[in-house]
$ cat target_7.cif   # mmCIF, C-alpha atoms
data_start
#
loop_
_atom_site.group_PDB
_atom_site.id
_atom_site.type_symbol
_atom_site.label_atom_id
_atom_site.label_comp_id
_atom_site.auth_asym_id
_atom_site.auth_seq_id
_atom_site.Cartn_x
_atom_site.Cartn_y
_atom_site.Cartn_z
ATOM 1 C CA MET A 1 -5.268 16.088 20.634
ATOM 2 C CA ASP A 2 -7.627 13.622 18.970
ATOM 3 C CA SER A 3 -6.554 11.754 15.871
ATOM 4 C CA VAL A 4 -8.838 10.324 13.214
ATOM 5 C CA ALA A 5 -9.935 6.786 14.024
ATOM 6 C CA CYS A 6 -8.870 4.085 11.611
ATOM 7 C CA LEU A 7 -10.410 0.630 11.408
ATOM 8 C CA ILE A 8 -8.333 -2.302 10.235
ATOM 9 C CA LYS A 9 -9.584 -5.304 8.324
ATOM 10 C CA PHE A 10 -7.692 -8.330 7.141
ATOM 11 C CA ARG A 11 -8.477 -11.292 4.955
ATOM 12 C CA VAL A 12 -6.708 -14.611 5.339
ATOM 13 C CA VAL A 13 -5.683 -15.514 1.774
ATOM 14 C CA GLY A 14 -3.523 -18.577 2.455
ATOM 15 C CA GLY A 15 -3.458 -21.513 4.860
ATOM 16 C CA PRO A 16 -6.192 -23.555 6.545
ATOM 17 C CA ASP A 17 -8.222 -20.439 7.446
ATOM 18 C CA ALA A 18 -8.194 -18.951 3.905
ATOM 19 C CA GLY A 19 -11.320 -16.888 3.291
ATOM 20 C CA LEU A 20 -11.631 -15.691 6.900
ATOM 21 C CA GLU A 21 -12.252 -11.941 7.051
ATOM 22 C CA VAL A 22 -11.878 -9.985 10.274
ATOM 23 C CA ARG A 23 -12.700 -6.342 10.955
ATOM 24 C CA MET A 24 -11.142 -4.950 14.098
ATOM 25 C CA ASP A 25 -13.198 -2.362 15.937
ATOM 26 C CA SER A 26 -11.213 -2.577 19.167
ATOM 27 C CA GLU A 27 -7.569 -2.773 20.063
ATOM 28 C CA PRO A 28 -5.162 -4.358 20.732
ATOM 29 C CA VAL A 29 -6.066 -7.524 18.875
ATOM 30 C CA SER A 30 -4.257 -10.766 19.638
ATOM 31 C CA ILE A 31 -3.949 -13.414 16.908
ATOM 32 C CA GLY A 32 -3.061 -17.055 17.453
ATOM 33 C CA ARG A 33 -4.395 -20.579 18.044
ATOM 34 C CA ASP A 34 -5.269 -20.090 21.722
ATOM 35 C CA SER A 35 -8.994 -19.709 22.482
ATOM 36 C CA GLY A 36 -8.134 -16.626 24.553
ATOM 37 C CA CYS A 37 -6.946 -14.737 21.463
ATOM 38 C CA ASP A 38 -9.224 -12.179 19.827
ATOM 39 C CA VAL A 39 -8.708 -13.895 16.447
ATOM 40 C CA VAL A 40 -8.391 -17.675 16.735
ATOM 41 C CA LEU A 41 -6.863 -19.547 13.774
ATOM 42 C CA THR A 42 -6.870 -23.304 13.207
ATOM 43 C CA ASP A 43 -3.459 -23.349 11.464
ATOM 44 C CA PRO A 44 -1.340 -25.777 13.570
ATOM 45 C CA THR A 45 1.850 -23.962 12.499
ATOM 46 C CA VAL A 46 0.678 -20.714 14.134
ATOM 47 C CA SER A 47 1.699 -20.168 17.771
ATOM 48 C CA ARG A 48 -0.879 -20.077 20.522
ATOM 49 C CA SER A 49 -0.250 -16.345 20.885
ATOM 50 C CA HIS A 50 1.485 -15.428 17.632
ATOM 51 C CA MET A 51 1.114 -11.644 17.261
ATOM 52 C CA LYS A 52 -0.859 -8.623 18.277
ATOM 53 C CA LEU A 53 -2.052 -5.651 16.250
ATOM 54 C CA GLU A 54 -2.576 -2.317 17.911
ATOM 55 C CA ARG A 55 -3.130 1.286 16.962
ATOM 56 C CA ILE A 56 -0.591 3.798 18.237
ATOM 57 C CA ASP A 57 -0.980 7.490 17.381
ATOM 58 C CA GLY A 58 -3.494 6.706 14.644
ATOM 59 C CA ARG A 59 -1.352 4.029 12.883
ATOM 60 C CA TRP A 60 -1.652 0.270 13.137
ATOM 61 C CA TYR A 61 1.390 -1.768 14.221
ATOM 62 C CA LEU A 62 2.185 -5.472 14.371
ATOM 63 C CA GLN A 63 4.115 -6.927 17.304
ATOM 64 C CA HIS A 64 5.457 -10.482 16.829
ATOM 65 C CA LEU A 65 5.038 -12.506 20.053
ATOM 66 C CA ALA A 66 6.186 -16.058 19.170
ATOM 67 C CA PRO A 67 9.938 -16.583 19.560
ATOM 68 C CA GLY A 68 9.680 -20.146 18.186
ATOM 69 C CA ASN A 69 7.807 -19.213 15.011
ATOM 70 C CA GLN A 70 8.224 -16.669 12.255
ATOM 71 C CA THR A 71 6.226 -13.716 10.981
ATOM 72 C CA HIS A 72 6.988 -11.840 7.765
ATOM 73 C CA VAL A 73 5.540 -8.533 6.555
ATOM 74 C CA ASN A 74 5.867 -8.287 2.772
ATOM 75 C CA GLY A 75 8.581 -10.959 2.879
ATOM 76 C CA ARG A 76 10.640 -9.230 5.587
ATOM 77 C CA PRO A 77 11.082 -11.165 8.841
ATOM 78 C CA VAL A 78 9.744 -9.639 12.057
ATOM 79 C CA ILE A 79 11.220 -10.974 15.291
ATOM 80 C CA VAL A 80 10.193 -10.697 18.940
ATOM 81 C CA THR A 81 12.906 -8.155 19.775
ATOM 82 C CA ASP A 82 11.941 -5.822 16.898
ATOM 83 C CA PRO A 83 9.987 -2.692 17.701
ATOM 84 C CA PRO A 84 6.382 -2.808 16.475
ATOM 85 C CA THR A 85 6.177 -2.866 12.665
ATOM 86 C CA ALA A 86 3.993 -0.176 11.053
ATOM 87 C CA LEU A 87 1.402 -1.599 8.665
ATOM 88 C CA LYS A 88 0.164 -0.150 5.370
ATOM 89 C CA CYS A 89 -2.902 -0.972 3.343
ATOM 90 C CA GLY A 90 -2.172 -4.012 1.169
ATOM 91 C CA ASP A 91 0.622 -5.417 3.369
ATOM 92 C CA ARG A 92 0.919 -9.229 3.274
ATOM 93 C CA ILE A 93 1.577 -10.828 6.644
ATOM 94 C CA SER A 94 2.869 -14.415 6.514
ATOM 95 C CA PHE A 95 2.951 -16.539 9.657
ATOM 96 C CA GLY A 96 2.923 -20.301 9.998
ATOM 97 C CA ALA A 97 1.220 -21.603 6.839
ATOM 98 C CA SER A 98 -1.137 -18.602 6.844
ATOM 99 C CA VAL A 99 -1.051 -15.393 4.841
ATOM 100 C CA MET A 100 -3.268 -12.391 5.459
ATOM 101 C CA VAL A 101 -3.685 -9.108 3.612
ATOM 102 C CA VAL A 102 -4.366 -5.893 5.519
ATOM 103 C CA GLU A 103 -6.615 -2.985 4.570
ATOM 104 C CA PHE A 104 -7.606 0.181 6.406
ATOM 105 C CA ARG A 105 -10.497 2.554 6.347
ATOM 106 C CA HIS A 106 -10.480 5.987 8.036
ATOM 107 C CA THR A 107 -13.742 6.657 9.821
ATOM 108 C CA GLY A 108 -13.540 10.424 10.043
ATOM 109 C CA LEU A 109 -14.301 10.018 13.746
ATOM 110 C CA THR A 110 -11.859 11.083 16.429
ATOM 111 C CA ASP A 111 -10.486 8.962 19.238
ATOM 112 C CA ALA A 112 -13.003 10.713 21.506
ATOM 113 C CA SER A 113 -15.703 8.775 19.638
ATOM 114 C CA ARG A 114 -14.696 5.271 20.727
ATOM 115 C CA ASP A 115 -18.032 3.527 20.121
ATOM 116 C CA PRO A 116 -17.172 0.677 17.684
ATOM 117 C CA GLY A 117 -20.774 0.504 16.459
ATOM 118 C CA ILE A 118 -20.726 4.166 15.463
ATOM 119 C CA ALA A 119 -17.284 3.793 13.916
ATOM 120 C CA ALA A 120 -18.336 0.739 11.899
ATOM 121 C CA ASP A 121 -21.366 2.592 10.505
ATOM 122 C CA ALA A 122 -19.464 5.798 9.781
ATOM 123 C CA VAL A 123 -16.773 4.629 7.386
ATOM 124 C CA ASP A 124 -17.174 7.486 4.937
ATOM 125 C CA GLY A 125 -20.823 6.494 4.658
ATOM 126 C CA ILE A 126 -19.779 3.175 3.060
ATOM 127 C CA PRO A 127 -19.927 -0.211 4.784
ATOM 128 C CA LEU A 128 -16.392 -1.432 5.422
ATOM 129 C CA ASP A 129 -16.869 -4.538 3.270
ATOM 130 C CA ALA A 130 -17.686 -2.315 0.262
ATOM 131 C CA SER A 131 -14.576 -0.182 0.694
ATOM 132 C CA ILE A 132 -11.328 -1.113 -1.004
ATOM 133 C CA LYS A 133 -11.111 -4.499 -2.695
ATOM 134 C CA LEU A 134 -8.010 -6.405 -1.631
ATOM 135 C CA GLY A 135 -5.293 -7.074 -4.132
ATOM 136 C CA ALA A 136 -6.576 -4.728 -6.827
ATOM 137 C CA PRO A 137 -5.868 -1.011 -6.954
ATOM 138 C CA PRO A 138 -8.837 1.239 -7.610
ATOM 139 C CA ALA A 139 -9.599 1.641 -11.299
ATOM 140 C CA LEU A 140 -8.251 5.002 -12.377
ATOM 141 C CA ARG A 141 -9.008 6.341 -15.830
ATOM 142 C CA PRO A 142 -6.259 8.463 -17.307
ATOM 143 C CA PRO A 143 -7.383 11.801 -18.652
ATOM 144 C CA GLU A 144 -8.349 11.775 -22.292
ATOM 145 C CA ILE A 145 -5.322 12.824 -24.314
ATOM 146 C CA GLU A 146 -5.376 13.681 -27.963
ATOM 147 C CA PRO A 147 -2.983 11.439 -29.882
ATOM 148 C CA ALA A 148 0.042 13.279 -31.181
ATOM 149 C CA THR A 149 -0.027 14.017 -34.887
ATOM 150 C CA ARG A 150 2.897 12.376 -36.605
ATOM 151 C CA LEU A 151 4.283 13.503 -39.864
ATOM 152 C CA PRO A 152 4.366 10.872 -42.572
ATOM 153 C CA SER A 153 7.821 9.388 -43.107
ATOM 154 C CA ALA A 154 7.958 10.798 -46.680
ATOM 155 C CA THR A 155 7.574 14.312 -45.266
ATOM 156 C CA LEU A 156 10.319 13.662 -42.730
ATOM 157 C CA ARG A 157 12.673 12.481 -45.496
ATOM 158 C CA ARG A 158 11.933 15.617 -47.553
ATOM 159 C CA LEU A 159 12.680 17.831 -44.539
ATOM 160 C CA ALA A 160 15.868 16.022 -43.475
ATOM 161 C CA ALA A 161 18.205 17.533 -46.105
ATOM 162 C CA PRO A 162 17.082 21.170 -45.654
ATOM 163 C CA VAL A 163 17.212 20.883 -41.832
ATOM 164 C CA ALA A 164 20.725 19.417 -42.020
ATOM 165 C CA ALA A 165 21.851 22.170 -44.400
ATOM 166 C CA LEU A 166 20.378 24.867 -42.140
ATOM 167 C CA THR A 167 22.101 23.363 -39.109
ATOM 168 C CA LEU A 168 25.487 23.343 -40.896
ATOM 169 C CA ALA A 169 24.992 26.932 -42.046
ATOM 170 C CA LEU A 170 24.236 28.067 -38.492
ATOM 171 C CA LEU A 171 27.299 26.273 -37.139
ATOM 172 C CA PHE A 172 29.445 27.889 -39.870
ATOM 173 C CA LEU A 173 28.084 31.368 -38.985
ATOM 174 C CA ALA A 174 28.688 30.745 -35.280
ATOM 175 C CA ALA A 175 32.319 29.802 -36.019
ATOM 176 C CA ILE A 176 32.834 32.975 -38.088
ATOM 177 C CA LEU A 177 31.334 35.142 -35.333
ATOM 178 C CA LEU A 178 33.538 33.537 -32.683
ATOM 179 C CA ARG A 179 36.693 34.171 -34.809
ATOM 180 C CA SER A 180 35.763 37.789 -35.392
ATOM 181 C CA CYS A 181 35.370 38.342 -31.633
ATOM 182 C CA GLU A 182 38.955 37.247 -30.923
#

$ encode --input "target_7.cif" --output "structure tokens"
Amino acid sequence: MDSVACLIKFRVVGGPDAGLEVRMDSEPVSIGRDSGCDVVLTDPTVSRSHMKLERIDGRWYLQHLAPGNQTHVNGRPVIVTDPPTALKCGDRISFGASVMVVEFRHTGLTDASRDPGIAADAVDGIPLDASIKLGAPPALRPPEIEPATRLPSATLRRLAAPVAALTLALLFLAAILLRSCE
């Protein structure tokens, strides 16, 4: 059974590599300082092979690989012995002195269509860079709602005494009816 392909993009928002944007068209993707990694960072506090990102059953997961260093997803530590951590759009991954924010885009293509060039061009007809802006939710306009009409306070004061009297009369009648039923 084919699942819908999902591209992942991240932007480094903190650390020496701040401003770096990476779109991942293939998997798995290794991240670290080593020149053999798919994404090479210059942050000296990042391990040579710090983590890998890979898609499993249509979802992206992070696997921490550096026992001597730390990785946090949304402030929660991820350690080498943890199972892969599922990622969501907007997750903040902190490692070394670097911080990156993750975003996804579903291509509408199936796994059978593994050509990264086709996938990159087919992101809902929108280039990936023009998809979701990081850090800001899409602008949603609430439906137009008519403001509730409020009674002037003078009207409320005039109605208070009759409403209170009516309420007491109803309670009195209810008590009489309950007594007559006994």

$ closest_residue --input "target_7.cif" --among "A:Ile79, A:Val29, A:Leu159, A:Ala66" --to "Ser47 in chain A" --atoms "only C-alpha atoms"
A:Ala66

$ atom_distance --input "target_7.cif" --atom1 "CA of Val39 in chain A" --atom2 "CA of Leu53 in chain A"
10.6 Å

$ closest_residue --input "target_7.cif" --among "A:Gly19, A:Pro162, A:Gly14, A:Pro84" --to "Ile56 in chain A" --atoms "only C-alpha atoms"
A:Pro84

$ resolve_selection --input "target_7.cif" --expression "the PyMOL selection byres ((chain A and resi 43) around 9)" --output "ChimeraX atom specification"
/A:15-17,32-33,41-42,44-47,96-98

$ closest_residue --input "target_7.cif" --among "A:Gly68, A:Pro28, A:Gly58, A:Gly36" --to "Ala86 in chain A" --atoms "only C-alpha atoms"
A:Gly58

$ atom_distance --input "target_7.cif" --atom1 "CA of Arg59 in chain A" --atom2 "CA of Leu20 in chain A"
23.0 Å

$ resolve_selection --input "target_7.cif" --expression "the PyMOL selection byres ((chain A and resi 90) around 9)" --output "number ranges by chain"
A: 87-89, 91-92, 101-104, 134-135

$ resolve_selection --input "target_7.cif" --expression "the PyMOL selection byres ((chain A and resi 21) around 9)" --output "CSV table (one decimal) with C-alpha atoms, keeping the file's coordinate frame"
chain,number,residue,atom,x,y,z
A,9,LYS,CA,-9.6,-5.3,8.3
A,10,PHE,CA,-7.7,-8.3,7.1
A,11,ARG,CA,-8.5,-11.3,5.0
A,12,VAL,CA,-6.7,-14.6,5.3
A,18,ALA,CA,-8.2,-19.0,3.9
A,19,GLY,CA,-11.3,-16.9,3.3
A,20,LEU,CA,-11.6,-15.7,6.9
A,22,VAL,CA,-11.9,-10.0,10.3
A,23,ARG,CA,-12.7,-6.3,11.0

$ closest_residue --input "target_7.cif" --among "A:Ala169, A:Ile93, A:Ala175, A:Val40" --to "Gln70 in chain A" --atoms "all atoms listed in the file"
A:Ile93

$ atom_distance --input "target_7.cif" --atom1 "CA of Glu27 in chain A" --atom2 "CA of Thr71 in chain A"
19.8 Å
